[in-house]
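Here's input22.cif, which has mmCIF, C-alpha atoms:
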```cif
data_start
loop_
_atom_site.label_atom_id
_atom_site.label_comp_id
_atom_site.auth_asym_id
_atom_site.auth_seq_id
_atom_site.Cartn_x
_atom_site.Cartn_y
_atom_site.Cartn_z
CA MET A 1 -144.66 111.97 -1.41
CA ILE A 2 -145.16 108.30 -0.54
CA ALA A 3 -147.51 105.93 -2.38
CA LYS A 4 -151.13 107.16 -2.40
CA ASN A 5 -152.51 103.78 -1.41
CA MET A 6 -150.23 103.77 1.65
CA ILE A 7 -151.40 107.24 2.70
CA SER A 8 -155.01 106.04 2.87
CA ALA A 9 -153.96 102.79 4.56
CA VAL A 10 -152.02 104.62 7.27
CA GLU A 11 -154.91 107.01 7.87
CA GLY A 12 -157.31 104.08 8.22
CA GLY A 13 -155.00 102.10 10.47
CA SER A 14 -156.17 99.08 12.47
CA ALA A 15 -159.06 99.41 14.90
CA ILE A 16 -157.72 96.45 16.86
CA ARG A 17 -154.32 98.05 17.33
CA LYS A 18 -155.90 101.40 18.19
CA MET A 19 -157.97 99.77 20.93
CA PHE A 20 -154.84 98.02 22.19
CA GLU A 21 -153.02 101.35 22.45
CA GLU A 22 -156.03 102.84 24.22
CA GLY A 23 -155.86 99.98 26.69
CA ASN A 24 -152.23 100.80 27.46
CA ARG A 25 -153.18 104.45 28.02
CA LEU A 26 -156.01 103.55 30.41
CA LYS A 27 -153.83 101.10 32.35
CA ALA A 28 -151.30 103.87 32.93
CA LEU A 29 -154.08 106.10 34.29
CA TYR A 30 -156.18 103.66 36.33
CA GLY A 31 -153.93 100.66 36.96
CA GLU A 32 -153.93 97.32 35.15
CA ASP A 33 -156.45 95.72 37.55
CA ASN A 34 -159.04 98.36 36.68
CA VAL A 35 -158.89 98.05 32.90
CA PHE A 36 -160.52 95.14 31.04
CA ASP A 37 -158.84 95.00 27.66
CA PHE A 38 -160.23 92.32 25.33
CA SER A 39 -159.02 93.96 22.12
CA LEU A 40 -155.97 92.01 20.94
CA GLY A 41 -155.66 88.28 20.26
CA ASN A 42 -152.19 88.04 21.77
CA PRO A 43 -151.81 84.62 23.46
CA ASP A 44 -150.76 85.09 27.08
CA LEU A 45 -150.06 81.43 27.91
CA GLU A 46 -146.42 80.44 27.89
CA PRO A 47 -145.28 77.94 25.23
CA PRO A 48 -145.44 74.28 26.29
CA LYS A 49 -142.44 72.66 27.97
CA GLU A 50 -141.48 70.85 24.77
CA VAL A 51 -140.68 74.22 23.18
CA SER A 52 -138.45 75.49 25.98
CA ASP A 53 -136.72 72.10 26.23
CA ALA A 54 -136.02 72.14 22.50
CA LEU A 55 -134.57 75.66 22.67
CA LYS A 56 -132.28 74.68 25.53
CA GLU A 57 -131.14 71.54 23.75
CA LEU A 58 -130.37 73.43 20.55
CA ALA A 59 -128.54 76.19 22.42
CA ASP A 60 -126.48 73.73 24.49
CA ASP A 61 -125.61 71.44 21.60
CA PRO A 62 -125.53 73.49 18.40
CA LYS A 63 -124.91 71.63 15.16
CA PRO A 64 -122.42 73.03 12.61
CA GLY A 65 -124.23 75.28 10.16
CA MET A 66 -127.43 75.29 12.23
CA HIS A 67 -127.88 79.02 11.74
CA GLY A 68 -126.99 79.17 8.06
CA TYR A 69 -129.04 79.29 4.88
CA MET A 70 -131.02 76.31 3.78
CA SER A 71 -133.39 75.77 0.85
CA ASN A 72 -135.85 78.68 0.56
CA SER A 73 -138.60 76.17 1.31
CA GLY A 74 -137.01 75.23 4.64
CA PHE A 75 -135.24 72.22 6.11
CA GLU A 76 -136.19 68.98 4.40
CA SER A 77 -136.44 67.23 7.77
CA THR A 78 -138.92 69.80 9.14
CA ARG A 79 -141.07 69.70 6.04
CA ALA A 80 -141.08 65.91 5.98
CA MET A 81 -142.35 65.76 9.57
CA ILE A 82 -145.14 68.24 8.82
CA ALA A 83 -146.09 66.31 5.68
CA GLU A 84 -146.25 63.07 7.67
CA LYS A 85 -148.44 64.67 10.35
CA ARG A 86 -150.85 66.14 7.81
CA SER A 87 -150.98 62.85 5.90
CA SER A 88 -151.92 60.98 9.06
CA GLU A 89 -154.63 63.49 10.00
CA SER A 90 -156.25 63.69 6.58
CA GLY A 91 -155.69 60.34 4.91
CA VAL A 92 -154.17 62.24 1.96
CA LYS A 93 -150.54 61.40 1.16
CA VAL A 94 -148.49 64.58 1.38
CA GLU A 95 -144.82 64.85 0.36
CA ALA A 96 -142.27 67.21 1.90
CA GLY A 97 -142.18 69.12 -1.38
CA ALA A 98 -145.76 70.30 -0.77
CA VAL A 99 -144.59 72.26 2.29
CA CYS A 100 -142.82 75.61 2.40
CA MET A 101 -141.72 76.98 5.78
CA THR A 102 -142.66 80.65 6.21
CA VAL A 103 -142.37 83.57 8.60
CA GLY A 104 -145.77 82.91 10.15
CA ALA A 105 -149.19 82.66 8.50
CA ALA A 106 -149.12 86.28 7.31
CA ALA A 107 -146.05 85.62 5.18
CA ALA A 108 -147.59 82.32 4.08
CA MET A 109 -150.72 84.12 2.91
CA ASN A 110 -148.71 86.74 1.03
CA ASP A 111 -146.56 84.06 -0.61
CA VAL A 112 -149.69 82.27 -1.80
CA LEU A 113 -151.51 85.36 -3.04
CA HIS A 114 -148.39 86.63 -4.81
CA SER A 115 -148.21 83.28 -6.58
CA LEU A 116 -151.88 83.24 -7.59
CA LEU A 117 -153.06 86.74 -8.40
CA ASP A 118 -152.95 88.83 -11.54
CA PRO A 119 -154.11 92.47 -11.26
CA GLY A 120 -157.89 92.61 -10.82
CA ASP A 121 -158.31 88.97 -9.78
CA GLU A 122 -160.98 88.45 -7.13
CA VAL A 123 -160.66 86.67 -3.78
CA LEU A 124 -163.81 85.66 -1.91
CA VAL A 125 -163.86 86.08 1.88
CA LEU A 126 -166.61 85.03 4.29
CA ALA A 127 -167.80 87.82 6.58
CA PRO A 128 -167.01 88.25 9.38
CA TYR A 129 -163.32 87.81 8.68
CA PHE A 130 -159.83 88.86 9.76
CA MET A 131 -159.49 92.24 8.08
CA GLU A 132 -155.77 91.92 7.31
CA TYR A 133 -156.95 89.78 4.40
CA ASN A 134 -157.83 93.06 2.70
CA ASN A 135 -154.21 94.19 2.88
CA TYR A 136 -152.78 90.83 1.88
CA VAL A 137 -154.95 90.70 -1.25
CA ALA A 138 -154.31 94.36 -2.13
CA ASN A 139 -150.55 93.78 -1.77
CA HIS A 140 -150.69 91.65 -4.92
CA GLY A 141 -153.18 93.58 -7.04
CA GLY A 142 -156.25 91.56 -6.14
CA LYS A 143 -159.75 92.57 -5.09
CA VAL A 144 -161.55 91.28 -2.00
CA VAL A 145 -165.16 90.20 -2.57
CA ILE A 146 -167.09 89.93 0.69
CA VAL A 147 -169.59 87.07 0.96
CA PRO A 148 -172.10 87.35 3.85
CA THR A 149 -172.87 84.47 6.21
CA GLY A 150 -176.00 83.71 8.23
CA ASP A 151 -176.94 84.76 11.76
CA ASP A 152 -175.12 81.64 12.99
CA PHE A 153 -172.06 82.77 10.97
CA MET A 154 -172.29 79.67 8.79
CA PRO A 155 -171.70 80.12 5.04
CA ASP A 156 -174.31 79.20 2.43
CA LEU A 157 -173.22 77.55 -0.81
CA ASN A 158 -175.88 79.25 -2.93
CA THR A 159 -174.78 82.63 -1.62
CA ILE A 160 -171.15 81.84 -2.38
CA ASP A 161 -172.11 80.74 -5.88
CA SER A 162 -173.81 84.08 -6.53
CA TYR A 163 -170.54 85.95 -5.87
CA ILE A 164 -168.34 83.85 -8.19
CA THR A 165 -167.31 85.49 -11.47
CA ASP A 166 -164.84 84.70 -14.23
CA ARG A 167 -162.30 86.78 -12.26
CA THR A 168 -162.62 84.71 -9.08
CA LYS A 169 -159.17 83.24 -8.50
CA ALA A 170 -159.37 82.11 -4.89
CA MET A 171 -161.44 81.91 -1.73
CA ILE A 172 -160.14 82.27 1.82
CA ILE A 173 -161.68 80.18 4.58
CA ASN A 174 -160.76 80.37 8.27
CA SER A 175 -161.99 77.62 10.59
CA PRO A 176 -162.15 77.93 13.55
CA ASN A 177 -163.01 81.44 12.58
CA ASN A 178 -161.61 84.76 13.77
CA PRO A 179 -163.71 86.50 15.11
CA THR A 180 -166.64 84.10 15.66
CA GLY A 181 -165.02 80.83 16.77
CA VAL A 182 -167.31 78.92 14.37
CA ILE A 183 -166.04 75.64 12.89
CA TYR A 184 -167.11 74.87 9.32
CA PRO A 185 -168.53 71.33 9.13
CA GLU A 186 -167.50 68.52 6.82
CA GLU A 187 -170.73 68.83 4.82
CA PHE A 188 -169.92 72.44 3.94
CA LEU A 189 -166.38 71.58 2.86
CA LYS A 190 -167.61 68.78 0.59
CA GLY A 191 -170.26 71.03 -0.91
CA LEU A 192 -167.78 73.86 -1.43
CA ASN A 193 -165.40 71.54 -3.27
CA ASP A 194 -168.20 70.35 -5.56
CA LEU A 195 -169.31 73.93 -6.21
CA LEU A 196 -165.86 75.24 -7.09
CA LYS A 197 -164.98 72.21 -9.18
CA SER A 198 -168.12 72.77 -11.25
CA LYS A 199 -166.77 76.09 -12.56
CA ASP A 200 -164.97 76.47 -15.86
CA HIS A 201 -161.71 77.63 -14.28
CA VAL A 202 -159.65 76.68 -11.24
CA ILE A 203 -160.65 78.44 -8.02
CA HIS A 204 -158.21 77.81 -5.22
CA VAL A 205 -159.25 77.54 -1.57
CA ILE A 206 -156.79 79.12 0.86
CA SER A 207 -157.36 77.65 4.31
CA ASP A 208 -156.02 79.96 7.03
CA GLU A 209 -155.49 77.66 10.02
CA PRO A 210 -153.85 79.30 13.05
CA TYR A 211 -156.62 78.08 15.37
CA ILE A 212 -157.15 74.45 14.35
CA ASP A 213 -155.65 73.16 17.62
CA LEU A 214 -157.76 75.47 19.81
CA VAL A 215 -161.19 73.82 20.00
CA TYR A 216 -163.52 73.26 22.94
CA ASP A 217 -166.35 71.08 24.25
CA GLY A 218 -164.93 68.02 22.51
CA CYS A 219 -165.35 69.59 19.06
CA LYS A 220 -163.12 68.59 16.16
CA VAL A 221 -162.02 70.52 13.09
CA PRO A 222 -162.58 68.51 9.90
CA PRO A 223 -159.26 68.17 8.03
CA VAL A 224 -159.79 70.45 5.03
CA LEU A 225 -157.13 68.51 3.13
CA SER A 226 -159.52 65.54 3.06
CA PHE A 227 -162.33 67.41 1.34
CA ILE A 228 -160.97 70.26 -0.82
CA ASP A 229 -158.97 69.43 -3.96
CA ASN A 230 -157.56 72.79 -5.10
CA LEU A 231 -156.39 73.61 -1.61
CA ILE A 232 -153.53 75.63 -0.13
CA ILE A 233 -153.09 75.63 3.65
CA CYS A 234 -151.54 78.55 5.52
CA PHE A 235 -150.58 77.58 9.07
CA SER A 236 -148.92 79.26 12.03
CA TRP A 237 -147.80 78.10 15.49
CA SER A 238 -148.56 81.57 16.89
CA LYS A 239 -151.59 80.30 18.80
CA SER A 240 -151.14 76.53 19.25
CA LEU A 241 -147.64 76.95 20.72
CA SER A 242 -147.95 80.59 21.89
CA LEU A 243 -145.19 81.67 19.50
CA ALA A 244 -146.87 84.74 18.00
CA GLY A 245 -143.72 86.85 18.23
CA GLU A 246 -141.46 84.21 16.71
CA ARG A 247 -143.24 84.18 13.34
CA ILE A 248 -143.03 80.55 12.25
CA GLY A 249 -145.49 78.79 9.95
CA TYR A 250 -145.84 77.10 6.58
CA THR A 251 -147.80 76.68 3.38
CA LEU A 252 -148.97 73.29 2.14
CA VAL A 253 -150.33 72.64 -1.34
CA SER A 254 -152.69 69.68 -1.67
CA PRO A 255 -151.31 66.93 -3.94
CA ARG A 256 -154.74 67.00 -5.62
CA ASN A 257 -154.35 70.67 -6.59
CA GLU A 258 -154.53 71.02 -10.37
CA ASP A 259 -151.65 73.52 -10.32
CA TYR A 260 -149.53 71.56 -7.83
CA ASP A 261 -146.15 71.59 -9.63
CA ILE A 262 -146.07 75.23 -10.72
CA LEU A 263 -147.78 76.44 -7.54
CA THR A 264 -145.35 74.79 -5.12
CA ALA A 265 -142.45 76.27 -7.09
CA ALA A 266 -144.08 79.71 -7.24
CA ILE A 267 -144.67 79.82 -3.49
CA VAL A 268 -141.02 79.01 -2.77
CA LEU A 269 -139.94 81.74 -5.21
CA SER A 270 -142.36 84.20 -3.60
CA ASN A 271 -141.00 83.31 -0.16
CA ARG A 272 -137.59 84.48 -1.33
CA THR A 273 -138.50 87.48 -3.45
CA LEU A 274 -140.96 88.99 -0.96
CA GLY A 275 -138.07 89.29 1.47
CA SER A 276 -138.35 86.41 3.91
CA VAL A 277 -135.76 84.28 2.07
CA ASN A 278 -136.49 81.44 4.48
CA ALA A 279 -138.19 80.84 7.81
CA PRO A 280 -135.96 81.22 10.93
CA ALA A 281 -133.63 78.23 11.08
CA ILE A 282 -133.67 77.65 14.83
CA TRP A 283 -137.48 77.75 15.00
CA GLN A 284 -137.77 75.14 12.28
CA LYS A 285 -135.63 72.86 14.44
CA VAL A 286 -137.68 73.69 17.54
CA ILE A 287 -140.82 72.73 15.65
CA GLU A 288 -139.30 69.35 14.77
CA LYS A 289 -138.91 68.64 18.47
CA SER A 290 -142.33 69.95 19.55
CA LEU A 291 -144.56 69.28 16.54
CA TYR A 292 -147.22 67.42 18.50
CA ALA A 293 -147.24 69.73 21.53
CA LYS A 294 -150.02 72.21 22.36
CA VAL A 295 -150.65 74.99 24.82
CA ASP A 296 -153.08 74.33 27.68
CA VAL A 297 -156.28 74.36 25.64
CA LYS A 298 -158.39 73.58 28.72
CA ASN A 299 -157.16 76.83 30.24
CA TYR A 300 -158.53 78.78 27.27
CA GLU A 301 -161.80 76.85 27.43
CA HIS A 302 -162.14 77.76 31.10
CA ARG A 303 -161.57 81.44 30.35
CA ARG A 304 -164.03 81.33 27.48
CA ASP A 305 -166.67 79.92 29.83
CA ILE A 306 -166.13 82.66 32.43
CA LEU A 307 -166.26 85.47 29.86
CA TYR A 308 -169.30 83.98 28.13
CA SER A 309 -171.10 83.73 31.48
CA ASN A 310 -170.28 87.36 32.25
CA ILE A 311 -171.79 88.43 28.93
CA ILE A 312 -174.92 86.29 29.11
CA ASP A 313 -175.59 86.77 32.84
CA ALA A 314 -175.39 90.54 32.48
CA GLY A 315 -178.16 90.44 29.86
CA PHE A 316 -176.31 90.47 26.54
CA ASP A 317 -176.52 87.91 23.70
CA SER A 318 -173.81 85.93 21.95
CA VAL A 319 -173.06 82.71 20.08
CA LYS A 320 -170.75 80.55 22.20
CA PRO A 321 -167.57 79.91 20.18
CA SER A 322 -166.44 76.35 19.50
CA GLY A 323 -162.85 77.32 18.83
CA ALA A 324 -160.26 80.10 18.43
CA LEU A 325 -159.74 82.82 21.06
CA TYR A 326 -162.69 85.17 20.67
CA ILE A 327 -166.33 85.79 21.52
CA TYR A 328 -168.31 87.75 18.93
CA MET A 329 -171.10 89.17 21.07
CA ASN A 330 -174.23 90.87 19.77
CA THR A 331 -174.45 94.64 20.05
CA PRO A 332 -177.64 95.68 21.92
CA LYS A 333 -180.50 96.55 19.57
CA GLY A 334 -180.79 100.21 18.66
CA MET A 335 -177.06 100.87 19.02
CA THR A 336 -174.22 100.92 16.54
CA ASP A 337 -171.13 98.91 17.35
CA ALA A 338 -169.14 102.12 17.85
CA GLU A 339 -171.76 103.53 20.22
CA PHE A 340 -171.73 100.34 22.28
CA ALA A 341 -167.91 100.29 22.37
CA ALA A 342 -167.97 103.88 23.65
CA VAL A 343 -170.36 102.93 26.48
CA CYS A 344 -168.11 100.00 27.38
CA ALA A 345 -165.04 102.24 27.37
CA LYS A 346 -166.60 104.35 30.14
CA GLN A 347 -166.26 101.24 32.33
CA ASN A 348 -162.68 100.72 31.05
CA LEU A 349 -163.87 97.67 29.11
CA LEU A 350 -162.33 97.55 25.63
CA LEU A 351 -163.60 95.49 22.72
CA VAL A 352 -163.42 95.74 18.93
CA PRO A 353 -166.49 96.87 16.92
CA GLY A 354 -167.81 94.41 14.35
CA LYS A 355 -167.17 96.86 11.51
CA SER A 356 -163.52 95.86 11.79
CA PHE A 357 -164.56 92.35 10.64
CA ALA A 358 -167.08 93.44 7.97
CA LYS A 359 -170.16 92.32 9.92
CA GLU A 360 -171.79 94.99 12.04
CA GLY A 361 -174.15 94.40 14.94
CA TYR A 362 -171.40 92.65 16.94
CA CYS A 363 -168.22 93.30 18.91
CA ARG A 364 -165.23 90.99 19.37
CA LEU A 365 -163.65 90.14 22.71
CA ALA A 366 -160.42 88.12 22.99
CA PHE A 367 -160.33 85.74 25.96
CA CYS A 368 -156.58 85.04 25.72
CA VAL A 369 -156.10 87.49 28.58
CA SER A 370 -155.55 86.81 32.26
CA GLU A 371 -158.30 85.08 34.22
CA LYS A 372 -158.07 87.99 36.66
CA THR A 373 -159.03 90.40 33.87
CA ILE A 374 -161.97 88.22 32.85
CA THR A 375 -163.35 87.73 36.36
CA GLY A 376 -162.80 91.40 37.16
CA SER A 377 -164.80 92.45 34.11
CA ARG A 378 -168.05 90.96 35.45
CA LYS A 379 -168.92 94.14 37.39
CA ALA A 380 -168.20 96.20 34.29
CA PHE A 381 -170.55 94.11 32.13
CA PHE A 382 -173.32 94.44 34.73
CA ALA A 383 -172.77 98.19 35.02
CA ILE A 384 -172.93 98.59 31.23
CA ALA A 385 -176.13 96.52 31.08
CA GLU A 386 -177.72 98.66 33.80
CA GLU A 387 -176.83 101.85 31.94
CA LEU A 388 -178.51 100.43 28.83
CA GLY A 389 -181.58 99.21 30.72
CA LEU A 390 -180.98 95.51 30.10
CA SER A 391 -182.33 92.87 32.45
CA HIS A 392 -179.76 90.65 34.13
CA ARG A 393 -180.12 86.88 33.76
CA ALA A 394 -178.17 86.10 36.95
CA GLU A 395 -176.87 87.77 40.09
CA LEU A 396 -173.68 89.76 40.06
#
```

Would you mind writing the structure in this file as structure tokens?
Amino acid sequence: MIAKNMISAVEGGSAIRKMFEEGNRLKALYGEDNVFDFSLGNPDLEPPKEVSDALKELADDPKPGMHGYMSNSGFESTRAMIAEKRSSESGVKVEAGAVCMTVGAAAAMNDVLHSLLDPGDEVLVLAPYFMEYNNYVANHGGKVVIVPTGDDFMPDLNTIDSYITDRTKAMIINSPNNPTGVIYPEEFLKGLNDLLKSKDHVIHVISDEPYIDLVYDGCKVPPVLSFIDNLIICFSWSKSLSLAGERIGYTLVSPRNEDYDILTAAIVLSNRTLGSVNAPAIWQKVIEKSLYAKVDVKNYEHRRDILYSNIIDAGFDSVKPSGALYIYMNTPKGMTDAEFAAVCAKQNLLLVPGKSFAKEGYCRLAFCVSEKTITGSRKAFFAIAEELGLSHRAEL
């Protein structure tokens, strides 16, 4: 018999992955052009030219030992470049020793939580949130404490304060947010730092930042490093460079963190003992050569606009996201998220119910899919609205 906690986890599974598999099944039946799958946030843009150029250069002119072991924290040269970039963006002087290269943001998060948590320690999360946080925290004996946000998905400091206990060890923030696309403003970050610093024990803020380069309408993401003292950043190039399958990221501990010395050492140790050993060598070198590159963000913004128009014009409601790769649309009144998802599925339109993000009354749609899929879905949205008796706001 395997571990009891794994039996329940396997039975629960991931709603996002289940919808993705359902999408593959429907495409086989009806053809890809007739299925509108918005379930999985899998970037479909190719990496920028700087990435492919770097790979070619490294393959054509390999350096001796390029594929061998290095420090568990990663190449010094890679970490120094990241530290310099973050220093410039935030105005906070960061050294290479603050950075640990990891196998994506998921490994980064597990390294951090393994370093922080004792059994029973609590980690605050702001709903709605990426539900894998539950697994990451549970992996290391912690307990997730869900803090609600407002109708605009913005957190409230008084509400956060009411959920803090003497077992609160950390808080995870994610801005731009998955699934809402909301960006937390500078005023909130300053207030959060003051609130947490007022407590009688250290509460770390873990900033999960895979979407910080994907912002729209001229918006900017305030550099969390400038405003939070006891901060640990978890970053991935999965979205900003379309390298989701390559699993390359890092942790960064703020030099103002009260546990800086022991925490940086613990994260490096966790990186090794949790099985990663070190981040992939060749991808660290690729990052050095493409650190300031980005995917075509305007392309994503254009797709967001088309999908948002489809939703609103058909008669549905939604907050327009300022960043990330998702729209978190309102479920029609009088329906559960699951009921609405079932109605959508009849039109071969697949989305993820809000329950999967701990905030019901919504469904998430990823717009990192082909423009053809998004434009083709307009008829499906209008057909769904007609079935539900909603009034259209525009012509089909």

Expected residue set, 12 Å radius at (-173.1, 98.5, 30.3), all atoms listed in the file, as a ChimeraX atom specification: /A:310-311,314-316,331-332,339-350,377-392

Among the residues A:Ser236, A:Thr102, A:Ser8, A:Thr168, the one that comes closest to Asn72 (chain A) [using all atoms listed in the file]: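 Closest to Asn72 (chain A) of all the choices is A:Thr102.
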
Reference answer for the PyMOL selection byres ((chain A and resi 118) around 8), as a list in words: Leu116, Leu117, Pro119, Gly120, Asp121, His140, Gly141 and Gly142 of chain A

CA of Lys49 (chain A) to CA of Phe367 (chain A), distance in Å rounded to a single decimal: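 CA of Lys49 (chain A) sits 22.3 Å away from CA of Phe367 (chain A).
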
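Of note, CA of Leu113 (chain A) and CA of Val137 (chain A) are spaced 6.6 Å apart.
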
Residue nearest Phe188 (chain A) among A:Pro155, A:Leu396, A:Ala127, A:Asp213 (counting all atoms listed in the file):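 Looking only at the distances to Phe188 (chain A), the closest residue turns out to be A:Pro155.
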
Residue nearest Lys285 (chain A) - candidates A:Ile7, A:Ile248, A:Val297, A:Ala105, atoms counted: all atoms listed in the file: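 For Lys285 (chain A), the nearest of the candidates is A:Ile248.
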
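Interatomic distance, CA of Ile203 (chain A) against CA of Lys359 (chain A): 24.6 Å.
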
Residue nearest Ala170 (chain A) - candidates A:Lys143, A:Lys93, A:Lys289, A:Arg304, atoms counted: all atoms listed in the file: A:Lys143
